[in-house]
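Data block below; observations after.
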Amino acid sequence: MKGIFSVLVENKDGVLSGISGLFARRGYNIDSLAVGETERKDVSSMTIVSTGDQRTIDQIEKHLNKKVDVIKVRRLDEPRCVELETMLIKVSYSQTNRSSLIEICSVMGAKIRHVSPKNMVILITDEPDTINEFIELVRSFGILELQRTGVIAMSKG
Amino acid sequence: MNGAEAMVKCLEAEGVTKIFGIPGVAIAPFYDALYDAPSIEHILVRQEQAAGHEASGYARVSRKTAVCVTSSGPGATNLITALATAYADSIPIVAITGQVNSALLGRDVFQEADMRGATESFVKYSYLVKNADDIPRIFKEAFYIASTGRKGPVLIDIPCDVQSAELKREFSYPEEVNLRGYKPNTKVNAQQLAKVVTAINKAKKPLICVGGGVILGNGEELVRAFCEKNQIPLVHTMMGMGVLPKAHPLYFGMLGNNGKPYANRAVANSDLLIVVGARIADRAVPKPENLEKQVNIIHIDIDSAEIGKNLGPTIPLVADVRLVFQALLDSDIHLDTSAWLEQLEQIKHSTVDHRKFSDALVNPMTLVQHLSEKMDDDAIYIADVGQNQLWSADNYIMKNGRFLTTGGMGTMGYSIPAAIGAKLVDPSRQVVAVCGDGDFQMSMFELGTIAVNRIPVKILVMRNTYLGLVREHQEKKYHKRYSGVELHKYPHYDKLAEAYDMDYFYADSNETLDGELDRFLACPGACIMVCEIDSANNTN
């Protein structure tokens with residue numbers, strides 16, 4: 001199963017390595033991890049997505065809670081949270097397929113941020129599944145580079 | 001006031017009277033400040049790992065947070081094994097390590113080691129102090145974190161220039177901590193308690209299994225009272241030894257691979273197992289997945305992450321052991337366990353212990369039994385690691401003393417430094433370190449500390465000239481292909497004792513054992529006794 005954790009932590013050095021170290025040494029998966037500041041300067045927010053059986057996901061939550069620098073851990077349920085990710089992808093094109101690439105971007109709500117004679121840098125922000133779909137749609141054009149930020153998530157309501 | 005003087009003030013404010021360590025340039029300002037602090041006695045050890053183990057022994061017997069100090073680089077990294085040992089056994093220690101000047105951090109200068117990074121998985125929390133004005137807050141927090149919730153070591157890494165820097169504010173030691181991410185739950189949840197009481201009332205064959213957490217939480221008396229009030233029998237893990245004396249009618253031994261077979265049968269025959277402050281690690285319960293199918297389980301622990309880690313599903317109760325058992329003593333529990341106790345007695349008497357020991361030289365079973373019988377009622381027995389540890393745990397006769405060992409990490413060489421720490425808490429209390437000849441040689445440099453400080457600890461060496469437990473493993477699993485395990489006859493313990501002005505005793509037969517044990521225990525000063533053990537003896 002998938003576990004999405006929204007974790008508020010002290011904005012101090014060493015906190016991120018402490019959290020990633022916890023996952024590494026206990027053998028928990030990190031599918032993605034996104035960190036950033038919050039509305040409070042001294043607090044950072046992490047969104048960690050992991051997969052494992054029920055016991056593992058429960059243990060992750062408990063071990064995160066044990067960390068002194070972790071202020072709050074929230075487990076987010078998929079239908080009841082807003083879950084978004086951003087991707088930058090560099091795709092090659094030719095004169096013959098250029099317009100169909102632009103069309104895919106337009107249909108999928110992706111933005112073309114830079115155009116070179118042979119490739120484009122495309123930006124897309126959406127749910128992870130949609131981003132996966134987008135990757136498949138442009139794969140045949142030729143993917144030159146790809147970067148994803150990892151999921152950030154927030155509960156609804 | 002500079003940072004170093006503030007550090008000393010903080011230790012004084014915490015009531016620290018003994019610290020264990022070795023100085024170096026990176027911690028020199030602190031040692032200079034210590035020169036003017038008569039209330040804090042510094043015990044100079046001979047290697048930093050011993051400083052950590054001595055703090056561990058001191059903490060376990062005094063039931064307070066203990067302090068060890070090292071310099072930077074190799075001095076600090078030498079301490080890591082002791083921190084890992086304390087972490088595995090949840091021992092409250094504050095470790096202070098000197099660090100290179102803050103401007104040089106990250107440049108790989110002489111004796112720089114990233115201690116926060118290196119100890120990340122071996123401490124409960126760690127600090128790198130960047131500002132001398134943070135010292136009072138950080139010390140207050142460190143002692144608080146080490147000694148509350150599930151206890152454990154906390155590291156304070158402090159650059160040399162921060163120790164020398166003047167405080168900008170006037171020194172004041174905080175009354176309270178303000179840690180928004182650390183609020184250990186100690187209170188008993190009423191709903192969970194009700195579930196526990198219902199489960200106990202339904203049980204026909206309840207059994208309590210106590211681990212080291214009961215002792216760390218000072219819960220021995222309340223757990224004992226609960227057992228007695230409700231006539232519930234008790235088994236324990238190696239770290240949980242000491243809640244009931246061996247002669248107690250409700251005492252049914254140590255469980256696990258190395259425990260009493262009848263204790264394991266008691267677990268298998270119970271219908272409700274109340275696990276208290278135990279990790280359910282592999283040596284105590286080899287197959288927890290089988291256990292959870294057989295019996296109902298109540299799991300009481302201060303650390304919620306222990307619930308479901310190795311054992312589940314259970315009725316969990318996360319709270320302070322004293323509060324739990326006070327609440328259970330006040331609860332309406334009506335049990336009739338007389339048939340169950342009778343069954344257990346039968347199990348005890350019908351379970352044949354197949355373990356046999358050679359009577360050539362000194363029989364290790366007789367040795368531990370006679371030694372622990374002859375020791376003072378409240379004496380402290382510190383078992384090292386290896387065959388000697390398992391023989392000790394299996395045969396030790398608990399009265400009203402303490403049995404200390406490192407059950408989590410199994411760190412060889414623990415017993416001698418831990419005995420030094422334990423003895424310094426109360427010099428009137430008898431302390432005996434029992435180790436193998438491999439263990440002894442991992443800590444024998446501490447004979448210097450013992451001699452200089454005239455610490456009257458007793459060291460009993462079970463000498464079989466092998467790393468016995470590894471030899472036993474190679475005998476059984478690797479067809480007697482003994483590889484790298486023979487220690488030979490060295491050292492000459494009599495000469496070593498003489499070199500450090502210690503008394504020396506020796507037994508190489510069961511006939512001479514008792515007389516030598518009597519003289520060894522009566523000896524007023526520090527002493528070593530060697531007992532020759534036949535290397536053919538195994539643990540099971």
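Chain labels run A, B, ... following the order of the structure tokens; each chain numbers its residues from 1, and ligands are numbered from 1 in the order shown.
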
Could you list, with a cut-off of 7 Å and counting only C-alpha atoms, the residues of chain A near chain B, each shown with its nearest atom pair and the distance in Å rounded to one decimal, rows sorted by chain and ascending number, as JSON lines?
```
{"residue": "A:Gly18", "atom": "CA", "partner": "B:Glu120", "partner_atom": "CA", "distance": 6.8}
{"residue": "A:Gln59", "atom": "CA", "partner": "B:Ala305", "partner_atom": "CA", "distance": 6.3}
{"residue": "A:Lys62", "atom": "CA", "partner": "B:Ala305", "partner_atom": "CA", "distance": 5.1}
{"residue": "A:His63", "atom": "CA", "partner": "B:Ala305", "partner_atom": "CA", "distance": 6.0}
{"residue": "A:Val68", "atom": "CA", "partner": "B:Tyr182", "partner_atom": "CA", "distance": 5.0}
{"residue": "A:Asp69", "atom": "CA", "partner": "B:Gly181", "partner_atom": "CA", "distance": 5.4}
{"residue": "A:Val70", "atom": "CA", "partner": "B:Gly181", "partner_atom": "CA", "distance": 5.1}
{"residue": "A:Ile71", "atom": "CA", "partner": "B:Gly181", "partner_atom": "CA", "distance": 4.0}
```

Please save all heavy atoms of the selected residues as a PDB file, in the first residue's frame.
```pdb
ATOM      1  N   GLY A  18      18.483  13.250   9.046  1.00  0.00           N
ATOM      2  CA  GLY A  18      17.941  12.385  10.098  1.00  0.00           C
ATOM      3  C   GLY A  18      16.736  11.604   9.606  1.00  0.00           C
ATOM      4  O   GLY A  18      16.589  10.411   9.882  1.00  0.00           O
ATOM      5  N   GLN A  59       4.589   1.617  11.150  1.00  0.00           N
ATOM      6  CA  GLN A  59       5.881   1.812  11.812  1.00  0.00           C
ATOM      7  C   GLN A  59       6.544   3.107  11.355  1.00  0.00           C
ATOM      8  O   GLN A  59       7.151   3.807  12.150  1.00  0.00           O
ATOM      9  CB  GLN A  59       6.805   0.617  11.505  1.00  0.00           C
ATOM     10  CG  GLN A  59       6.540  -0.585  12.390  1.00  0.00           C
ATOM     11  CD  GLN A  59       7.095  -0.395  13.793  1.00  0.00           C
ATOM     12  OE1 GLN A  59       8.256  -0.095  13.998  1.00  0.00           O
ATOM     13  NE2 GLN A  59       6.238  -0.535  14.784  1.00  0.00           N
ATOM     14  N   LYS A  62       5.077   5.907  13.291  1.00  0.00           N
ATOM     15  CA  LYS A  62       5.531   5.935  14.690  1.00  0.00           C
ATOM     16  C   LYS A  62       6.977   6.396  14.804  1.00  0.00           C
ATOM     17  O   LYS A  62       7.323   7.165  15.701  1.00  0.00           O
ATOM     18  CB  LYS A  62       5.382   4.543  15.303  1.00  0.00           C
ATOM     19  CG  LYS A  62       3.937   4.178  15.572  1.00  0.00           C
ATOM     20  CD  LYS A  62       3.840   2.737  16.031  1.00  0.00           C
ATOM     21  CE  LYS A  62       2.401   2.369  16.362  1.00  0.00           C
ATOM     22  NZ  LYS A  62       2.263   0.938  16.588  1.00  0.00           N
ATOM     23  N   HIS A  63       7.815   5.924  13.901  1.00  0.00           N
ATOM     24  CA  HIS A  63       9.221   6.321  13.978  1.00  0.00           C
ATOM     25  C   HIS A  63       9.412   7.784  13.604  1.00  0.00           C
ATOM     26  O   HIS A  63      10.283   8.453  14.160  1.00  0.00           O
ATOM     27  CB  HIS A  63      10.095   5.390  13.125  1.00  0.00           C
ATOM     28  CG  HIS A  63      10.407   4.102  13.824  1.00  0.00           C
ATOM     29  ND1 HIS A  63      11.312   4.045  14.870  1.00  0.00           N
ATOM     30  CD2 HIS A  63       9.920   2.859  13.679  1.00  0.00           C
ATOM     31  CE1 HIS A  63      11.362   2.799  15.310  1.00  0.00           C
ATOM     32  NE2 HIS A  63      10.529   2.062  14.608  1.00  0.00           N
ATOM     33  N   VAL A  68      12.823  13.835  17.536  1.00  0.00           N
ATOM     34  CA  VAL A  68      12.660  15.030  18.362  1.00  0.00           C
ATOM     35  C   VAL A  68      12.360  16.254  17.487  1.00  0.00           C
ATOM     36  O   VAL A  68      11.587  17.129  17.881  1.00  0.00           O
ATOM     37  CB  VAL A  68      13.930  15.257  19.216  1.00  0.00           C
ATOM     38  CG1 VAL A  68      13.881  16.579  19.948  1.00  0.00           C
ATOM     39  CG2 VAL A  68      14.107  14.107  20.204  1.00  0.00           C
ATOM     40  N   ASP A  69      12.937  16.320  16.304  1.00  0.00           N
ATOM     41  CA  ASP A  69      12.738  17.490  15.447  1.00  0.00           C
ATOM     42  C   ASP A  69      11.476  17.410  14.596  1.00  0.00           C
ATOM     43  O   ASP A  69      11.209  18.313  13.814  1.00  0.00           O
ATOM     44  CB  ASP A  69      13.961  17.688  14.538  1.00  0.00           C
ATOM     45  CG  ASP A  69      15.137  18.271  15.314  1.00  0.00           C
ATOM     46  OD1 ASP A  69      14.889  19.096  16.213  1.00  0.00           O
ATOM     47  OD2 ASP A  69      16.283  17.897  15.035  1.00  0.00           O
ATOM     48  N   VAL A  70      10.721  16.346  14.747  1.00  0.00           N
ATOM     49  CA  VAL A  70       9.455  16.249  14.025  1.00  0.00           C
ATOM     50  C   VAL A  70       8.349  16.816  14.908  1.00  0.00           C
ATOM     51  O   VAL A  70       8.121  16.343  16.020  1.00  0.00           O
ATOM     52  CB  VAL A  70       9.158  14.789  13.629  1.00  0.00           C
ATOM     53  CG1 VAL A  70       7.720  14.651  13.139  1.00  0.00           C
ATOM     54  CG2 VAL A  70      10.123  14.326  12.553  1.00  0.00           C
ATOM     55  N   ILE A  71       7.676  17.857  14.396  1.00  0.00           N
ATOM     56  CA  ILE A  71       6.654  18.528  15.196  1.00  0.00           C
ATOM     57  C   ILE A  71       5.311  17.828  15.029  1.00  0.00           C
ATOM     58  O   ILE A  71       4.578  17.627  15.984  1.00  0.00           O
ATOM     59  CB  ILE A  71       6.546  20.011  14.775  1.00  0.00           C
ATOM     60  CG1 ILE A  71       7.904  20.700  14.969  1.00  0.00           C
ATOM     61  CG2 ILE A  71       5.466  20.730  15.568  1.00  0.00           C
ATOM     62  CD1 ILE A  71       8.030  22.012  14.223  1.00  0.00           C
TER      63      ILE A  71
END
```

Contacts of region 131-146 of chain A within 7 Å, only C-alpha atoms, excl. fewer than 3 positions in-chain, as a list in words: Leu88, Ile89, Lys90, Val91, Ser92, Tyr93, Asp126, Glu127 and Pro128 of chain A

Since we have the selection now, will you write its residues out, keeping N, CA and C atoms, as a PDB file, in the first residue's frame?
```
ATOM      1  N   LEU A  88       9.800  18.839 -15.071  1.00  0.00           N
ATOM      2  CA  LEU A  88      10.415  19.463 -16.242  1.00  0.00           C
ATOM      3  C   LEU A  88      10.899  18.325 -17.131  1.00  0.00           C
ATOM      4  N   ILE A  89      10.540  18.407 -18.426  1.00  0.00           N
ATOM      5  CA  ILE A  89      10.937  17.330 -19.334  1.00  0.00           C
ATOM      6  C   ILE A  89      11.421  17.932 -20.659  1.00  0.00           C
ATOM      7  N   LYS A  90      12.578  17.460 -21.102  1.00  0.00           N
ATOM      8  CA  LYS A  90      13.126  17.953 -22.373  1.00  0.00           C
ATOM      9  C   LYS A  90      12.862  16.886 -23.447  1.00  0.00           C
ATOM     10  N   VAL A  91      12.109  17.286 -24.478  1.00  0.00           N
ATOM     11  CA  VAL A  91      11.661  16.334 -25.497  1.00  0.00           C
ATOM     12  C   VAL A  91      12.179  16.800 -26.862  1.00  0.00           C
ATOM     13  N   SER A  92      12.706  15.889 -27.648  1.00  0.00           N
ATOM     14  CA  SER A  92      13.181  16.279 -28.979  1.00  0.00           C
ATOM     15  C   SER A  92      12.011  16.248 -29.976  1.00  0.00           C
ATOM     16  N   TYR A  93      12.119  17.014 -31.039  1.00  0.00           N
ATOM     17  CA  TYR A  93      11.046  17.022 -32.040  1.00  0.00           C
ATOM     18  C   TYR A  93      11.664  17.247 -33.413  1.00  0.00           C
ATOM     19  N   ASP A 126       0.792  18.432 -12.038  1.00  0.00           N
ATOM     20  CA  ASP A 126      -0.482  17.705 -11.981  1.00  0.00           C
ATOM     21  C   ASP A 126      -0.358  16.560 -10.984  1.00  0.00           C
ATOM     22  N   GLU A 127      -1.401  15.733 -10.945  1.00  0.00           N
ATOM     23  CA  GLU A 127      -1.319  14.552 -10.091  1.00  0.00           C
ATOM     24  C   GLU A 127      -0.278  13.590 -10.669  1.00  0.00           C
ATOM     25  N   PRO A 128       0.371  12.818  -9.811  1.00  0.00           N
ATOM     26  CA  PRO A 128       1.452  11.955 -10.297  1.00  0.00           C
ATOM     27  C   PRO A 128       1.010  11.032 -11.436  1.00  0.00           C
TER      28      PRO A 128
END
```

Shell of 12 Å around Tyr504 (chain B), only C-alpha atoms, local chain residues under 5 positions omitted, as a ChimeraX atom specification: /B:458-461,492-499,516-517,519-521,523,525-531

Those of region 20-193 of chain B in DSSP strand (DSSP E or B), formatted as number ranges by chain: B: 20-21, 41-44, 66-70, 93-99, 125-128, 153-159, 166

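Checking B:Pro29, B:Gln389, B:Gln99, B:Glu446 one by one against Glu48 (chain B), counting only C-alpha atoms, you find the shortest gap at B:Glu446.
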
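Distances from A:Asp42, A:Leu76, A:Ile102, A:Gly21 to Thr119 (chain B) were compared using only C-alpha atoms, and the smallest one belongs to A:Gly21.
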
Members of region 281-390 of chain B assigned helix (DSSP H, G or I) by DSSP, as number ranges by chain: B: 288-294, 304-306, 321-329, 338-350, 364-374, 387-390

Selection: 12 Å around Ser106 (chain A), only C-alpha atoms, excl. self and same-chain fewer than 4 positions, as a ChimeraX atom specification: /A:99-102,110-112,122-124,134

Selection: 9 Å around Glu78 (chain A), only C-alpha atoms, excl. self and same-chain fewer than 6 positions, as a list in words: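 Surrounding residues, per the criterion: Lys2, Gly3 and Ile4 of chain A.
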
Selection: 6 Å around region 424-431 of chain B, only C-alpha atoms, excl. self and same-chain fewer than 2 positions, as an NGL selection string: :B and (379-380 or 421-422 or 457)

Pull all heavy atoms from the residues just selected and write them as an mmCIF file, in the first residue's frame.
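Contents of part18.cif, freshly written:
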```
data_model
loop_
_atom_site.group_PDB
_atom_site.id
_atom_site.type_symbol
_atom_site.label_atom_id
_atom_site.label_comp_id
_atom_site.auth_asym_id
_atom_site.auth_seq_id
_atom_site.Cartn_x
_atom_site.Cartn_y
_atom_site.Cartn_z
ATOM 1 N N ALA B 379 23.910 -7.120 46.086
ATOM 2 C CA ALA B 379 25.103 -6.964 45.245
ATOM 3 C C ALA B 379 24.736 -6.765 43.775
ATOM 4 O O ALA B 379 23.636 -7.103 43.336
ATOM 5 C CB ALA B 379 25.997 -8.195 45.388
ATOM 6 N N ILE B 380 25.692 -6.211 43.040
ATOM 7 C CA ILE B 380 25.498 -5.977 41.608
ATOM 8 C C ILE B 380 26.394 -6.943 40.835
ATOM 9 O O ILE B 380 27.611 -6.986 41.044
ATOM 10 C CB ILE B 380 25.841 -4.518 41.252
ATOM 11 C CG1 ILE B 380 24.882 -3.586 41.978
ATOM 12 C CG2 ILE B 380 25.767 -4.293 39.735
ATOM 13 C CD1 ILE B 380 25.388 -2.173 42.101
ATOM 14 N N GLY B 421 31.740 2.069 36.889
ATOM 15 C CA GLY B 421 30.665 3.055 37.016
ATOM 16 C C GLY B 421 29.704 2.694 38.132
ATOM 17 O O GLY B 421 29.322 3.529 38.954
ATOM 18 N N ALA B 422 29.321 1.416 38.186
ATOM 19 C CA ALA B 422 28.363 0.959 39.202
ATOM 20 C C ALA B 422 28.929 1.135 40.606
ATOM 21 O O ALA B 422 28.243 1.588 41.528
ATOM 22 C CB ALA B 422 28.012 -0.507 38.953
ATOM 23 N N VAL B 457 36.444 -2.866 42.720
ATOM 24 C CA VAL B 457 35.585 -3.790 41.977
ATOM 25 C C VAL B 457 36.241 -5.162 41.939
ATOM 26 O O VAL B 457 37.456 -5.295 42.072
ATOM 27 C CB VAL B 457 35.324 -3.320 40.528
ATOM 28 C CG1 VAL B 457 34.518 -2.049 40.510
ATOM 29 C CG2 VAL B 457 36.622 -3.130 39.764
#
```

Shortest interatomic distance to Leu64 (chain A) - which of A:Ser20, A:Gln95, A:Thr149, A:Ser155, counting only C-alpha atoms: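 Distance minimum relative to Leu64 (chain A) lands on A:Ser20.
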
Which residue of A:Val107, A:Gly157, A:Lys12, A:Phe5 approaches Val49 (chain A) most closely, using only C-alpha atoms: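 Nearest candidate to Val49 (chain A) out of A:Val107, A:Gly157, A:Lys12, A:Phe5: A:Phe5.
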
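Across the structure, CA of Ser147 (chain B) and CA of Asn65 (chain A) are spaced 18.0 Å apart.
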
Interatomic distance (Å, one decimal) between CA of Ile60 (chain A) and CA of Asp301 (chain B):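 Rounded to one decimal, the two atoms are 17.6 Å apart.
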
Gap from CA of Ile19 (chain A) to CA of Ile96 (chain B) - Å, one decimal: 23.3 Å
